[in-house]
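Peer 1: Sharing final.txt below, compact mmCIF, N, CA and C atoms:
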```txt
# COMPACT_ATOMS: atom_id res chain seq x y z
N MET L 1 -2.99 -5.58 -16.76
CA MET L 1 -3.28 -6.65 -15.86
C MET L 1 -2.01 -7.41 -15.51
N GLN L 2 -1.11 -7.51 -16.49
CA GLN L 2 0.14 -8.21 -16.24
C GLN L 2 0.95 -7.49 -15.16
N ASP L 3 1.02 -6.17 -15.26
CA ASP L 3 1.82 -5.41 -14.30
C ASP L 3 1.29 -5.57 -12.88
N LEU L 4 -0.03 -5.70 -12.76
CA LEU L 4 -0.64 -5.84 -11.44
C LEU L 4 -0.71 -7.29 -10.98
N GLY L 5 -0.44 -8.22 -11.88
CA GLY L 5 -0.50 -9.63 -11.53
C GLY L 5 -1.91 -10.12 -11.28
N ILE L 6 -2.87 -9.61 -12.07
CA ILE L 6 -4.26 -10.02 -11.90
C ILE L 6 -4.78 -10.67 -13.17
N ASN L 7 -5.86 -11.42 -13.04
CA ASN L 7 -6.50 -11.99 -14.21
C ASN L 7 -7.86 -11.33 -14.41
N SER L 8 -8.60 -11.77 -15.40
CA SER L 8 -9.87 -11.11 -15.73
C SER L 8 -10.88 -11.22 -14.59
N ALA L 9 -10.85 -12.31 -13.83
CA ALA L 9 -11.76 -12.45 -12.69
C ALA L 9 -11.45 -11.40 -11.63
N HIS L 10 -10.18 -11.18 -11.38
CA HIS L 10 -9.78 -10.14 -10.42
C HIS L 10 -10.20 -8.76 -10.91
N LEU L 11 -10.09 -8.54 -12.21
CA LEU L 11 -10.46 -7.25 -12.79
C LEU L 11 -11.95 -6.99 -12.57
N VAL L 12 -12.76 -8.00 -12.72
CA VAL L 12 -14.20 -7.85 -12.47
C VAL L 12 -14.45 -7.50 -11.00
N ASP L 13 -13.75 -8.17 -10.10
CA ASP L 13 -13.89 -7.86 -8.67
C ASP L 13 -13.50 -6.42 -8.37
N ILE L 14 -12.41 -5.97 -8.97
CA ILE L 14 -11.96 -4.59 -8.78
C ILE L 14 -12.99 -3.62 -9.33
N ALA L 15 -13.51 -3.92 -10.51
CA ALA L 15 -14.52 -3.04 -11.13
C ALA L 15 -15.76 -2.94 -10.24
N LEU L 16 -16.20 -4.05 -9.68
CA LEU L 16 -17.36 -4.03 -8.79
C LEU L 16 -17.08 -3.20 -7.54
N ASP L 17 -15.89 -3.32 -7.00
CA ASP L 17 -15.50 -2.52 -5.84
C ASP L 17 -15.47 -1.03 -6.18
N VAL L 18 -14.96 -0.70 -7.36
CA VAL L 18 -14.91 0.70 -7.80
C VAL L 18 -16.33 1.24 -7.97
N GLU L 19 -17.20 0.44 -8.58
CA GLU L 19 -18.59 0.86 -8.74
C GLU L 19 -19.24 1.15 -7.41
N ASP L 20 -19.02 0.28 -6.44
CA ASP L 20 -19.60 0.48 -5.11
C ASP L 20 -19.00 1.70 -4.40
N ALA L 21 -17.69 1.84 -4.49
CA ALA L 21 -17.01 2.93 -3.79
C ALA L 21 -17.40 4.29 -4.33
N PHE L 22 -17.59 4.39 -5.64
CA PHE L 22 -17.85 5.69 -6.26
C PHE L 22 -19.29 5.85 -6.73
N ASP L 23 -20.12 4.85 -6.48
CA ASP L 23 -21.53 4.87 -6.88
C ASP L 23 -21.68 5.20 -8.36
N ILE L 24 -20.94 4.43 -9.19
CA ILE L 24 -20.99 4.59 -10.64
C ILE L 24 -21.24 3.22 -11.27
N MET L 25 -21.55 3.21 -12.55
CA MET L 25 -21.71 1.97 -13.30
C MET L 25 -20.66 1.93 -14.41
N LEU L 26 -19.94 0.83 -14.47
CA LEU L 26 -18.95 0.63 -15.53
C LEU L 26 -19.52 -0.37 -16.52
N ASP L 27 -19.52 -0.01 -17.80
CA ASP L 27 -20.02 -0.94 -18.81
C ASP L 27 -18.85 -1.68 -19.46
N GLU L 28 -19.17 -2.55 -20.38
CA GLU L 28 -18.14 -3.37 -21.03
C GLU L 28 -17.10 -2.51 -21.75
N LYS L 29 -17.56 -1.43 -22.37
CA LYS L 29 -16.63 -0.52 -23.07
C LYS L 29 -15.63 0.08 -22.08
N ASP L 30 -16.12 0.51 -20.92
CA ASP L 30 -15.24 1.06 -19.89
C ASP L 30 -14.18 0.03 -19.48
N MET L 31 -14.63 -1.20 -19.29
CA MET L 31 -13.71 -2.26 -18.86
C MET L 31 -12.63 -2.50 -19.91
N GLU L 32 -13.02 -2.46 -21.19
CA GLU L 32 -12.05 -2.67 -22.26
C GLU L 32 -11.03 -1.53 -22.33
N GLU L 33 -11.46 -0.33 -21.97
CA GLU L 33 -10.57 0.84 -22.00
C GLU L 33 -9.60 0.86 -20.83
N MET L 34 -9.84 0.10 -19.81
CA MET L 34 -9.00 0.10 -18.61
C MET L 34 -7.76 -0.75 -18.83
N GLN L 35 -6.79 -0.16 -19.49
CA GLN L 35 -5.54 -0.86 -19.76
C GLN L 35 -4.46 -0.51 -18.74
N THR L 36 -4.56 0.67 -18.16
CA THR L 36 -3.58 1.10 -17.16
C THR L 36 -4.32 1.70 -15.97
N VAL L 37 -3.60 1.91 -14.89
CA VAL L 37 -4.20 2.56 -13.73
C VAL L 37 -4.66 3.96 -14.10
N SER L 38 -3.86 4.65 -14.89
CA SER L 38 -4.23 6.00 -15.34
C SER L 38 -5.53 5.97 -16.14
N ASP L 39 -5.68 4.99 -17.03
CA ASP L 39 -6.93 4.85 -17.79
C ASP L 39 -8.11 4.69 -16.83
N SER L 40 -7.92 3.87 -15.84
CA SER L 40 -8.98 3.59 -14.87
C SER L 40 -9.39 4.85 -14.12
N VAL L 41 -8.40 5.61 -13.70
CA VAL L 41 -8.67 6.86 -12.99
C VAL L 41 -9.44 7.82 -13.88
N GLN L 42 -9.02 7.93 -15.12
CA GLN L 42 -9.69 8.84 -16.06
C GLN L 42 -11.14 8.42 -16.31
N ILE L 43 -11.39 7.13 -16.41
CA ILE L 43 -12.74 6.64 -16.61
C ILE L 43 -13.61 6.95 -15.41
N VAL L 44 -13.10 6.71 -14.22
CA VAL L 44 -13.85 7.00 -13.00
C VAL L 44 -14.14 8.50 -12.91
N LEU L 45 -13.16 9.32 -13.18
CA LEU L 45 -13.37 10.77 -13.15
C LEU L 45 -14.43 11.21 -14.17
N ARG L 46 -14.36 10.62 -15.35
CA ARG L 46 -15.35 10.94 -16.39
C ARG L 46 -16.74 10.57 -15.92
N LYS L 47 -16.89 9.41 -15.31
CA LYS L 47 -18.20 8.96 -14.81
C LYS L 47 -18.69 9.87 -13.69
N LEU L 48 -17.79 10.30 -12.82
CA LEU L 48 -18.18 11.16 -11.71
C LEU L 48 -18.62 12.54 -12.18
N ASN L 49 -18.03 12.99 -13.28
CA ASN L 49 -18.34 14.34 -13.79
C ASN L 49 -19.49 14.34 -14.78
N SER L 50 -20.06 13.18 -15.08
CA SER L 50 -21.17 13.17 -16.04
C SER L 50 -22.52 13.13 -15.35
```
How would this structure read if it were set down as structure tokens?

Peer 2:
Amino acid sequence: MQDLGINSAHLVDIALDVEDAFDIMLDEKDMEEMQTVSDSVQIVLRKLNS
């Protein structure tokens, strides 16, 4: 979050946008795992393939 210059409220907004864009649901565990952009991509891919 520091690298992107965002706070937790922004992260929630981004997560909601990702959920809408990819028609997936992110839970609290997913959000905690999203430490880097790469983590986020991997989580989205995992959700899309499940």

Peer 1: Could you write out as lines of an AutoDock Vina configuration file the box around segment 41-46 of chain L (axis-aligned, all atoms listed in the file, 5 Å on each side), with centre and edge lengths in Å to one decimal?

Peer 2:
```
center_x = -12.6
center_y = 8.4
center_z = -14.8
size_x = 18.3
size_y = 15.6
size_z = 13.7
```

Peer 1: My list of candidates is L:Ile24, L:Met31, L:Ala9, L:Leu16. Which is closest to Val44 of chain L when distances are computed with only C-alpha atoms?

Peer 2: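 Using only C-alpha atoms, Val44 of chain L sits closest to L:Ile24.
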
Peer 1: Tell me, in Å to one decimal, how far atom N of Leu4 of chain L is from atom N of Asp27 of chain L.

Peer 2: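 Answer for the atom N of Leu4 of chain L to atom N of Asp27 of chain L separation: 20.9 Å.
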
Peer 1: Quick check, in Å to one decimal: how far apart do atom C of His10 of chain L and atom C of Leu48 of chain L lie?

Peer 2: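 About the pair atom C of His10 of chain L and atom C of Leu48 of chain L: they are 22.9 Å apart.
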
Peer 1: In chain L, what's helix (DSSP H, G or I) per DSSP? Answer as JSON, numbers by chain?

Peer 2: {"L": [8, 9, 10, 11, 12, 13, 14, 15, 16, 17, 18, 19, 20, 21, 22, 28, 29, 30, 31, 32, 33, 37, 38, 39, 40, 41, 42, 43, 44, 45, 46, 47, 48]}

Peer 1: Write a file of the selected residues as a CSV table (one decimal), in the coordinates of the input, keeping N, CA and C atoms.

Peer 2:
```
chain,number,residue,atom,x,y,z
L,8,SER,N,-8.6,-11.8,-15.4
L,8,SER,CA,-9.9,-11.1,-15.7
L,8,SER,C,-10.9,-11.2,-14.6
L,9,ALA,N,-10.8,-12.3,-13.8
L,9,ALA,CA,-11.8,-12.4,-12.7
L,9,ALA,C,-11.4,-11.4,-11.6
L,10,HIS,N,-10.2,-11.2,-11.4
L,10,HIS,CA,-9.8,-10.1,-10.4
L,10,HIS,C,-10.2,-8.8,-10.9
L,11,LEU,N,-10.1,-8.5,-12.2
L,11,LEU,CA,-10.5,-7.2,-12.8
L,11,LEU,C,-12.0,-7.0,-12.6
L,12,VAL,N,-12.8,-8.0,-12.7
L,12,VAL,CA,-14.2,-7.8,-12.5
L,12,VAL,C,-14.4,-7.5,-11.0
L,13,ASP,N,-13.8,-8.2,-10.1
L,13,ASP,CA,-13.9,-7.9,-8.7
L,13,ASP,C,-13.5,-6.4,-8.4
L,14,ILE,N,-12.4,-6.0,-9.0
L,14,ILE,CA,-12.0,-4.6,-8.8
L,14,ILE,C,-13.0,-3.6,-9.3
L,15,ALA,N,-13.5,-3.9,-10.5
L,15,ALA,CA,-14.5,-3.0,-11.1
L,15,ALA,C,-15.8,-2.9,-10.2
L,16,LEU,N,-16.2,-4.0,-9.7
L,16,LEU,CA,-17.4,-4.0,-8.8
L,16,LEU,C,-17.1,-3.2,-7.5
L,17,ASP,N,-15.9,-3.3,-7.0
L,17,ASP,CA,-15.5,-2.5,-5.8
L,17,ASP,C,-15.5,-1.0,-6.2
L,18,VAL,N,-15.0,-0.7,-7.4
L,18,VAL,CA,-14.9,0.7,-7.8
L,18,VAL,C,-16.3,1.2,-8.0
L,19,GLU,N,-17.2,0.4,-8.6
L,19,GLU,CA,-18.6,0.9,-8.7
L,19,GLU,C,-19.2,1.2,-7.4
L,20,ASP,N,-19.0,0.3,-6.4
L,20,ASP,CA,-19.6,0.5,-5.1
L,20,ASP,C,-19.0,1.7,-4.4
L,21,ALA,N,-17.7,1.8,-4.5
L,21,ALA,CA,-17.0,2.9,-3.8
L,21,ALA,C,-17.4,4.3,-4.3
L,22,PHE,N,-17.6,4.4,-5.6
L,22,PHE,CA,-17.8,5.7,-6.3
L,22,PHE,C,-19.3,5.8,-6.7
L,28,GLU,N,-19.2,-2.6,-20.4
L,28,GLU,CA,-18.1,-3.4,-21.0
L,28,GLU,C,-17.1,-2.5,-21.8
L,29,LYS,N,-17.6,-1.4,-22.4
L,29,LYS,CA,-16.6,-0.5,-23.1
L,29,LYS,C,-15.6,0.1,-22.1
L,30,ASP,N,-16.1,0.5,-20.9
L,30,ASP,CA,-15.2,1.1,-19.9
L,30,ASP,C,-14.2,0.0,-19.5
L,31,MET,N,-14.6,-1.2,-19.3
L,31,MET,CA,-13.7,-2.3,-18.9
L,31,MET,C,-12.6,-2.5,-19.9
L,32,GLU,N,-13.0,-2.5,-21.2
L,32,GLU,CA,-12.0,-2.7,-22.3
L,32,GLU,C,-11.0,-1.5,-22.3
L,33,GLU,N,-11.5,-0.3,-22.0
L,33,GLU,CA,-10.6,0.8,-22.0
L,33,GLU,C,-9.6,0.9,-20.8
L,37,VAL,N,-3.6,1.9,-14.9
L,37,VAL,CA,-4.2,2.6,-13.7
L,37,VAL,C,-4.7,4.0,-14.1
L,38,SER,N,-3.9,4.6,-14.9
L,38,SER,CA,-4.2,6.0,-15.3
L,38,SER,C,-5.5,6.0,-16.1
L,39,ASP,N,-5.7,5.0,-17.0
L,39,ASP,CA,-6.9,4.8,-17.8
L,39,ASP,C,-8.1,4.7,-16.8
L,40,SER,N,-7.9,3.9,-15.8
L,40,SER,CA,-9.0,3.6,-14.9
L,40,SER,C,-9.4,4.8,-14.1
L,41,VAL,N,-8.4,5.6,-13.7
L,41,VAL,CA,-8.7,6.9,-13.0
L,41,VAL,C,-9.4,7.8,-13.9
L,42,GLN,N,-9.0,7.9,-15.1
L,42,GLN,CA,-9.7,8.8,-16.1
L,42,GLN,C,-11.1,8.4,-16.3
L,43,ILE,N,-11.4,7.1,-16.4
L,43,ILE,CA,-12.7,6.6,-16.6
L,43,ILE,C,-13.6,7.0,-15.4
L,44,VAL,N,-13.1,6.7,-14.2
L,44,VAL,CA,-13.8,7.0,-13.0
L,44,VAL,C,-14.1,8.5,-12.9
L,45,LEU,N,-13.2,9.3,-13.2
L,45,LEU,CA,-13.4,10.8,-13.2
L,45,LEU,C,-14.4,11.2,-14.2
L,46,ARG,N,-14.4,10.6,-15.4
L,46,ARG,CA,-15.4,10.9,-16.4
L,46,ARG,C,-16.7,10.6,-15.9
L,47,LYS,N,-16.9,9.4,-15.3
L,47,LYS,CA,-18.2,9.0,-14.8
L,47,LYS,C,-18.7,9.9,-13.7
L,48,LEU,N,-17.8,10.3,-12.8
L,48,LEU,CA,-18.2,11.2,-11.7
L,48,LEU,C,-18.6,12.5,-12.2
```

Peer 1: If you measure from atom CA of Asn49 of chain L to atom CA of Thr36 of chain L, what distance in Å do you get, rounded to one decimal?

Peer 2: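 Atom CA of Thr36 of chain L lies 20.1 Å from atom CA of Asn49 of chain L.
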
Peer 1: Find, counting only C-alpha atoms, the residue in L:Asp30, L:Asp13, L:Asp3, L:Asp20 that gets nearest to Arg46 of chain L.

Peer 2: L:Asp30

Peer 1: Determine, counting only C-alpha atoms, which protein, DNA and RNA residues have an atom within 12 Å of an atom of Val12 of chain L; residues of the same chain fewer than 4 positions away are not included. Present the result as a PyMOL selection string.

Peer 2: chain L and resi 1+6-8+16-19+26-28+30-32+34
